[in-house]
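Visitor: The structure under discussion is supplied below as structure tokens; questions concerning it will follow.
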Amino acid sequence: MEPEEFQLVRDLFRTFAARHAIGSADEAKPAARAAAQQALSELGLAELRRSSPPAATVQECALLAEEHGSRPLTTSMLGTVLLAPELLRLLGDPRSDAGTAAGTTAGTTPTIALARDLRFPRTYPAELVAWDSEGASTALCVTAEGGVYAAELGPPAPTTDLLRAVRSVDPGAPGRLVGTLDADGLRRWQAYALVVVAAELVGAARSFVGASVEYARERRQYGHAIGSFQAVQHLLADATVLVEACTSAVRYAAWCLDNEPPHRALTAARVAKAEVNSSAVEAVYAGMQAFGGIAQTWEHIAHLYLRRVRVGALLLATTGDLLPVLAAGEATR
């Protein structure tokens, strides 16, 4: 995509986000969620990664994921718009038999199935959840061997992230084998998923730290803005450094997916997710401290960002999962 074209897409998404971002947890009602998801679908962003070659690079998709994370949005941007279309593209033409089997015919929308603990699934059938399922009608499960299965959605499932819709997947319900990813395809899929999820967390952390800095400029104690106190300055400066660290890691991993072989891209994606799991959470914790007591209230949006990054740090792969794999790779070099 040409830079001017992407800027138009980005501006269009920012307009959408400003219109549909919620101001408190009480605004995350079913009707508002459905209206926002419908508006997102009408933007046509799911087409960005459907074709081969894709209309948008991974770097551009990661930037859109950052934009989505920067606002308290209830829409399924990652599951239905960025991840499922890419998975079908890796399997082949999404309008072929594989796409039809996965539920991509007119009027149906797939999302991604994850294990109950929100990690990458290993087998199918298994206990799964349809993650980021707002507006979705089916879920795609990718096993550790590269098999891709289409599963039917069950009732809503509980989740700590109040902005994310999650539904159960009945392990006893019949699923259909959609296709199989080869080794490089599986690596590329895992790397892409890690990058997109990490990018959304970066957007959330960056936005919340920015809001914390603005609050520190305005909130006054003892006759002075709290941002003039050195302890608060150090706290938010450290948080900004953390955000920049995970931003650099994620954007490099996105670049690797566009320019490097799958095994190198997967290594970069694992490094990025491990960095984000730690840095994004610490940055949001620092912002919560700057906000003080108001951030602990239900009415304030702070807990929505905290919930997103806390759950996001467990999503697909935790730091504890990633570091041994990365270390093992270094030991064999």
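Chain labels follow the order of the structure tokens: the first chain is A, the next B, and so on; residue numbering restarts at 1 in every chain, and ligands are counted from 1 in their shown order.
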Running DSSP on the backbone, which parts of range 134-328 of chain A land in helix (DSSP H, G or I), as a VMD selection string?
Guide: chain A and resid 183 to 218 226 to 228 230 to 259 262 to 296 302 to 312 319 to 328
Visitor: Which neighbours of Val81 in chain A fall inside 10 Å, counting only C-alpha atoms, when residues of the same chain fewer than 6 positions from it are skipped, and could you give them as a list in words?
Guide: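 In the requested form, the answer reads Leu40, Ser41, Gly44, Leu45, Ala46, Glu47, Leu48, Arg49, Arg50, Cys61, Ala65, Thr75, Thr109, Pro110 and Thr111 of chain A.
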Visitor: Can you pull out every residue within 12 Å of Ala313 in chain A, counting only C-alpha atoms, but drop anything in the same chain fewer than 5 positions away, and send it as JSON, numbers by chain?
Guide: {"A": [117, 118, 119, 161, 194, 197, 198, 199, 200, 201, 202, 205, 272, 273, 274, 275, 276, 277, 278, 279, 280, 281, 282, 306, 307, 308, 318, 319, 320, 321, 322]}
Visitor: With N, CA and C atoms retained, write the just-selected residues as a compact mmCIF listing (two decimals), in the first residue's frame.
Guide:
```txt
# COMPACT_ATOMS: atom_id res chain seq x y z
N ASP A 117 -6.73 -21.45 28.46
CA ASP A 117 -5.82 -20.53 29.15
C ASP A 117 -5.33 -19.41 28.23
N LEU A 118 -5.94 -19.30 27.04
CA LEU A 118 -5.67 -18.25 26.05
C LEU A 118 -4.33 -18.41 25.34
N ARG A 119 -3.69 -19.57 25.48
CA ARG A 119 -2.49 -19.85 24.72
C ARG A 119 -2.86 -20.41 23.34
N ASP A 161 -11.06 -9.11 30.60
CA ASP A 161 -11.01 -7.97 29.67
C ASP A 161 -12.44 -7.61 29.28
N LEU A 194 1.38 -13.24 17.13
CA LEU A 194 2.11 -12.63 18.24
C LEU A 194 2.33 -11.14 18.01
N VAL A 197 -1.14 -9.11 18.26
CA VAL A 197 -1.58 -9.00 19.65
C VAL A 197 -0.66 -8.06 20.42
N ALA A 198 0.64 -8.20 20.24
CA ALA A 198 1.59 -7.32 20.93
C ALA A 198 1.40 -5.87 20.52
N ALA A 199 1.11 -5.64 19.24
CA ALA A 199 0.92 -4.27 18.77
C ALA A 199 -0.27 -3.61 19.44
N GLU A 200 -1.36 -4.36 19.62
CA GLU A 200 -2.51 -3.77 20.30
C GLU A 200 -2.15 -3.40 21.74
N LEU A 201 -1.38 -4.23 22.41
CA LEU A 201 -0.97 -3.93 23.78
C LEU A 201 -0.07 -2.71 23.84
N VAL A 202 0.79 -2.55 22.85
CA VAL A 202 1.62 -1.35 22.76
C VAL A 202 0.74 -0.11 22.63
N ALA A 205 -0.84 0.64 26.04
CA ALA A 205 0.12 1.19 27.00
C ALA A 205 0.51 2.62 26.63
N ALA A 272 9.49 -9.87 20.81
CA ALA A 272 8.59 -8.72 20.97
C ALA A 272 7.49 -9.00 21.98
N LYS A 273 6.87 -10.18 21.89
CA LYS A 273 5.79 -10.50 22.83
C LYS A 273 6.32 -10.62 24.25
N ALA A 274 7.50 -11.20 24.43
CA ALA A 274 8.10 -11.30 25.76
C ALA A 274 8.37 -9.91 26.33
N GLU A 275 8.85 -9.01 25.49
CA GLU A 275 9.11 -7.63 25.94
C GLU A 275 7.82 -6.92 26.30
N VAL A 276 6.81 -7.06 25.46
CA VAL A 276 5.53 -6.39 25.71
C VAL A 276 4.85 -6.94 26.96
N ASN A 277 4.91 -8.25 27.16
CA ASN A 277 4.29 -8.85 28.33
C ASN A 277 4.75 -8.17 29.62
N SER A 278 6.02 -7.79 29.65
CA SER A 278 6.57 -7.15 30.84
C SER A 278 6.41 -5.63 30.79
N SER A 279 6.87 -5.02 29.70
CA SER A 279 6.95 -3.56 29.65
C SER A 279 5.59 -2.87 29.61
N ALA A 280 4.66 -3.42 28.84
CA ALA A 280 3.35 -2.78 28.73
C ALA A 280 2.62 -2.81 30.07
N VAL A 281 2.71 -3.93 30.77
CA VAL A 281 2.04 -4.03 32.07
C VAL A 281 2.67 -3.06 33.07
N GLU A 282 4.01 -3.01 33.12
CA GLU A 282 4.68 -2.10 34.04
C GLU A 282 4.35 -0.65 33.72
N LEU A 306 -5.94 -1.45 32.11
CA LEU A 306 -5.21 -2.40 32.94
C LEU A 306 -5.66 -3.83 32.66
N ARG A 307 -6.96 -4.04 32.55
CA ARG A 307 -7.47 -5.37 32.24
C ARG A 307 -6.97 -5.86 30.89
N ARG A 308 -6.94 -4.96 29.92
CA ARG A 308 -6.49 -5.37 28.58
C ARG A 308 -5.04 -5.83 28.59
N THR A 318 3.00 -16.66 27.27
CA THR A 318 3.48 -15.83 28.36
C THR A 318 5.00 -15.68 28.24
N THR A 319 5.54 -14.77 29.05
CA THR A 319 6.99 -14.61 29.07
C THR A 319 7.66 -15.91 29.51
N GLY A 320 7.04 -16.60 30.46
CA GLY A 320 7.59 -17.88 30.90
C GLY A 320 7.60 -18.94 29.81
N ASP A 321 6.65 -18.85 28.88
CA ASP A 321 6.64 -19.76 27.74
C ASP A 321 7.75 -19.41 26.74
N LEU A 322 7.95 -18.12 26.54
CA LEU A 322 8.78 -17.65 25.43
C LEU A 322 10.28 -17.68 25.73
```
Visitor: I'd like a table as JSON lines: residues in range 152-247 of chain A with an atom no more than 6 Å from range 67-70 of chain A, each row giving the shortest atom pair and its distance in Å to one decimal, only C-alpha atoms counted, sorted by chain and rising residue number.
Guide:
```
{"residue": "A:Glu200", "atom": "CA", "partner": "A:Gly69", "partner_atom": "CA", "distance": 4.4}
{"residue": "A:Gly203", "atom": "CA", "partner": "A:Ser70", "partner_atom": "CA", "distance": 4.5}
{"residue": "A:Ala204", "atom": "CA", "partner": "A:Ser70", "partner_atom": "CA", "distance": 4.4}
{"residue": "A:Ser207", "atom": "CA", "partner": "A:Ser70", "partner_atom": "CA", "distance": 5.0}
```
Visitor: Those residues you just picked out, can you put them in a file as a PDB file, in the first residue's frame with C-alpha atoms?
Guide:
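To be explicit, this is the file written out as out_4.pdb:
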```
ATOM      1  CA  GLU A 200      -2.513  -3.771  20.304  1.00  0.00           C
ATOM      2  CA  GLY A 203      -1.174   0.949  21.617  1.00  0.00           C
ATOM      3  CA  ALA A 204      -3.003   0.519  24.927  1.00  0.00           C
ATOM      4  CA  SER A 207      -2.309   5.765  25.100  1.00  0.00           C
TER       5      SER A 207
END
```
Visitor: Calculate how many Å separate CA of Thr240 in chain A from CA of Gly210 in chain A, rounding to one decimal.
Guide: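 These atoms are spaced 8.4 Å apart.
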Visitor: For a quick check of understanding, using only C-alpha atoms, which of A:Ala225, A:Ala130, A:Ala191, A:Val209 has the smallest distance to Asp170 in chain A?
Guide: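 Checking each candidate against Asp170 in chain A, we get A:Ala130 as the closest.
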Visitor: Identify, on the basis of only C-alpha atoms, every residue whose closest approach to Asp238 in chain A does not exceed 8 Å; exclude the query and any residue fewer than 4 positions from it along the same chain; express the result as JSON, numbers by chain.
Guide: {"A": [234, 242, 283]}
Visitor: Would you please extract all strand (DSSP E) residues from range 123-310 of chain A, as assigned by DSSP on the backbone, and give them as a VMD selection string?
Guide: chain A and resid 128 to 131 138 to 142 147 to 152 167 to 169 176 to 180 220 to 221 224 to 225
Visitor: Just give me the gap between CA of Leu186 in chain A and CA of Ala165 in chain A in Å, one decimal is fine.
Guide: 25.6 Å
Visitor: Within 10 Å of range 141-152 of chain A, which residues of range 11-90 of chain A show up? Give each one with its shortest atom-to-atom distance in Å (one decimal) and the two atoms involved, counting only C-alpha atoms, rows by chain then rising residue number, as CSV.
Guide:
```
residue,atom,partner,partner_atom,distance
A:Ala84,CA,A:Cys141,CA,9.9
A:Leu87,CA,A:Val148,CA,8.8
A:Leu88,CA,A:Val148,CA,9.3
```
Visitor: Go ahead and compute the interatomic distance for CA of Ala39 in chain A and CA of Thr15 in chain A, in Å to one decimal.
Guide: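 Between these atoms lies a distance of 11.1 Å.
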Visitor: Contacts of range 17-32 of chain A at 7 Å or less, counting only C-alpha atoms, minus same-chain residues fewer than 2 places along, as an NGL selection string?
Guide: :A and (13-15 or 34-36 or 71-74 or 299-301)
Visitor: Take the residues just selected and output them with all heavy atoms as a tab-separated table (two decimals), in the first residue's frame.
Guide:
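Now in part20.tsv:
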```tsv
chain	number	residue	atom	x	y	z
A	13	PHE	N	-9.82	4.96	10.15
A	13	PHE	CA	-9.98	4.16	11.37
A	13	PHE	C	-10.00	5.05	12.60
A	13	PHE	O	-10.76	4.80	13.55
A	13	PHE	CB	-8.86	3.13	11.48
A	13	PHE	CG	-9.03	2.25	12.68
A	13	PHE	CD1	-9.91	1.18	12.65
A	13	PHE	CD2	-8.34	2.50	13.86
A	13	PHE	CE1	-10.10	0.37	13.76
A	13	PHE	CE2	-8.53	1.70	14.98
A	13	PHE	CZ	-9.41	0.64	14.92
A	14	ARG	N	-9.17	6.09	12.62
A	14	ARG	CA	-9.17	6.99	13.78
A	14	ARG	C	-10.52	7.69	13.94
A	14	ARG	O	-10.99	7.89	15.07
A	14	ARG	CB	-8.06	8.02	13.62
A	14	ARG	CG	-6.66	7.47	13.88
A	14	ARG	CD	-5.58	8.47	13.56
A	14	ARG	NE	-4.27	7.99	13.98
A	14	ARG	CZ	-3.12	8.58	13.65
A	14	ARG	NH1	-3.13	9.67	12.88
A	14	ARG	NH2	-1.98	8.08	14.07
A	15	THR	N	-11.14	8.04	12.83
A	15	THR	CA	-12.47	8.64	12.90
A	15	THR	C	-13.48	7.66	13.48
A	15	THR	O	-14.30	8.01	14.34
A	15	THR	CB	-12.92	9.09	11.50
A	15	THR	OG1	-11.99	10.05	10.99
A	15	THR	CG2	-14.31	9.72	11.55
A	34	ALA	N	-22.68	-4.16	19.26
A	34	ALA	CA	-23.12	-4.61	17.93
A	34	ALA	C	-23.03	-3.48	16.92
A	34	ALA	O	-22.60	-3.68	15.77
A	34	ALA	CB	-24.55	-5.14	18.00
A	35	ALA	N	-23.42	-2.26	17.32
A	35	ALA	CA	-23.37	-1.13	16.41
A	35	ALA	C	-21.93	-0.79	16.03
A	35	ALA	O	-21.63	-0.51	14.86
A	35	ALA	CB	-24.04	0.09	17.04
A	36	ALA	N	-21.03	-0.84	17.00
A	36	ALA	CA	-19.63	-0.55	16.71
A	36	ALA	C	-19.03	-1.61	15.80
A	36	ALA	O	-18.27	-1.29	14.86
A	36	ALA	CB	-18.84	-0.48	18.02
A	71	ARG	N	-7.57	3.02	22.08
A	71	ARG	CA	-8.89	3.48	22.50
A	71	ARG	C	-9.63	2.34	23.21
A	71	ARG	O	-9.44	1.17	22.87
A	71	ARG	CB	-9.72	3.91	21.29
A	71	ARG	CG	-9.13	5.08	20.52
A	71	ARG	CD	-9.62	6.39	21.08
A	71	ARG	NE	-9.30	7.50	20.19
A	71	ARG	CZ	-9.91	8.67	20.25
A	71	ARG	NH1	-10.89	8.87	21.13
A	71	ARG	NH2	-9.57	9.65	19.44
A	72	PRO	N	-10.51	2.67	24.15
A	72	PRO	CA	-11.34	1.62	24.76
A	72	PRO	C	-12.48	1.22	23.83
A	72	PRO	O	-13.60	1.70	23.94
A	72	PRO	CB	-11.86	2.29	26.05
A	72	PRO	CG	-11.82	3.75	25.76
A	72	PRO	CD	-10.70	3.98	24.79
A	73	LEU	N	-12.17	0.33	22.90
A	73	LEU	CA	-13.13	-0.13	21.89
A	73	LEU	C	-13.54	-1.56	22.19
A	73	LEU	O	-12.72	-2.40	22.56
A	73	LEU	CB	-12.50	-0.05	20.50
A	73	LEU	CG	-12.23	1.34	19.94
A	73	LEU	CD1	-11.25	1.29	18.79
A	73	LEU	CD2	-13.54	1.99	19.49
A	74	THR	N	-14.81	-1.86	21.95
A	74	THR	CA	-15.33	-3.20	22.20
A	74	THR	C	-15.35	-4.06	20.94
A	74	THR	O	-15.86	-5.17	20.94
A	74	THR	CB	-16.77	-3.12	22.75
A	74	THR	OG1	-17.61	-2.47	21.79
A	74	THR	CG2	-16.81	-2.35	24.06
A	299	GLU	N	-16.03	3.78	37.40
A	299	GLU	CA	-16.44	4.75	36.40
A	299	GLU	C	-15.29	5.22	35.52
A	299	GLU	O	-15.51	5.65	34.39
A	299	GLU	CB	-17.11	5.95	37.08
A	299	GLU	CG	-18.43	5.65	37.76
A	299	GLU	CD	-18.26	4.95	39.10
A	299	GLU	OE1	-17.12	4.92	39.63
A	299	GLU	OE2	-19.28	4.44	39.62
A	300	HIS	N	-14.08	5.19	36.02
A	300	HIS	CA	-12.92	5.65	35.24
A	300	HIS	C	-12.50	4.57	34.25
A	300	HIS	O	-12.68	3.37	34.49
A	300	HIS	CB	-11.76	5.99	36.18
A	300	HIS	CG	-10.73	6.88	35.58
A	300	HIS	ND1	-9.67	6.40	34.86
A	300	HIS	CD2	-10.62	8.24	35.57
A	300	HIS	CE1	-8.93	7.41	34.44
A	300	HIS	NE2	-9.49	8.54	34.86
A	301	ILE	N	-11.91	4.99	33.13
A	301	ILE	CA	-11.52	4.02	32.11
A	301	ILE	C	-10.19	3.33	32.40
A	301	ILE	O	-9.79	2.41	31.68
A	301	ILE	CB	-11.44	4.68	30.72
A	301	ILE	CG1	-10.34	5.75	30.68
A	301	ILE	CG2	-12.79	5.24	30.30
A	301	ILE	CD1	-10.05	6.27	29.28
```
Visitor: Extract, using only C-alpha atoms, all DNA, RNA and protein residues at most 8 Å from Ala265 in chain A, discarding same-chain residues fewer than 2 positions from it, and format them as a PyMOL selection string.
Guide: chain A and resi 188+191+253-254+256-257+260-263+267-269
Visitor: When distances are computed from only C-alpha atoms, which of A:His224, A:Phe16, A:Thr108, A:Leu78 shows the smallest separation from Trp131 in chain A?
Guide: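 Answer, going by the shortest atom-to-atom distance: A:Leu78.
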Visitor: Ranking A:Gln190, A:Thr57, A:Thr80, A:Thr160 by minimum distance to Pro3 in chain A and counting only C-alpha atoms, which one comes first?
Guide: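 For Pro3 in chain A, the nearest of the given residues is A:Thr57.
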Visitor: Considering only C-alpha atoms, state which residue in the set A:Glu5, A:Glu42, A:Glu60, A:Asp11 is at the smallest distance from Val195 in chain A.
Guide: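 When distances to Val195 in chain A are compared using only C-alpha atoms, the smallest one comes from A:Glu60.
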Visitor: Find the residue from A:Pro121, A:Gly79, A:Gly312, A:Gly329 that sits nearest to Gly135 in chain A; use only C-alpha atoms when measuring.
Guide: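 Closest candidate: A:Gly79.
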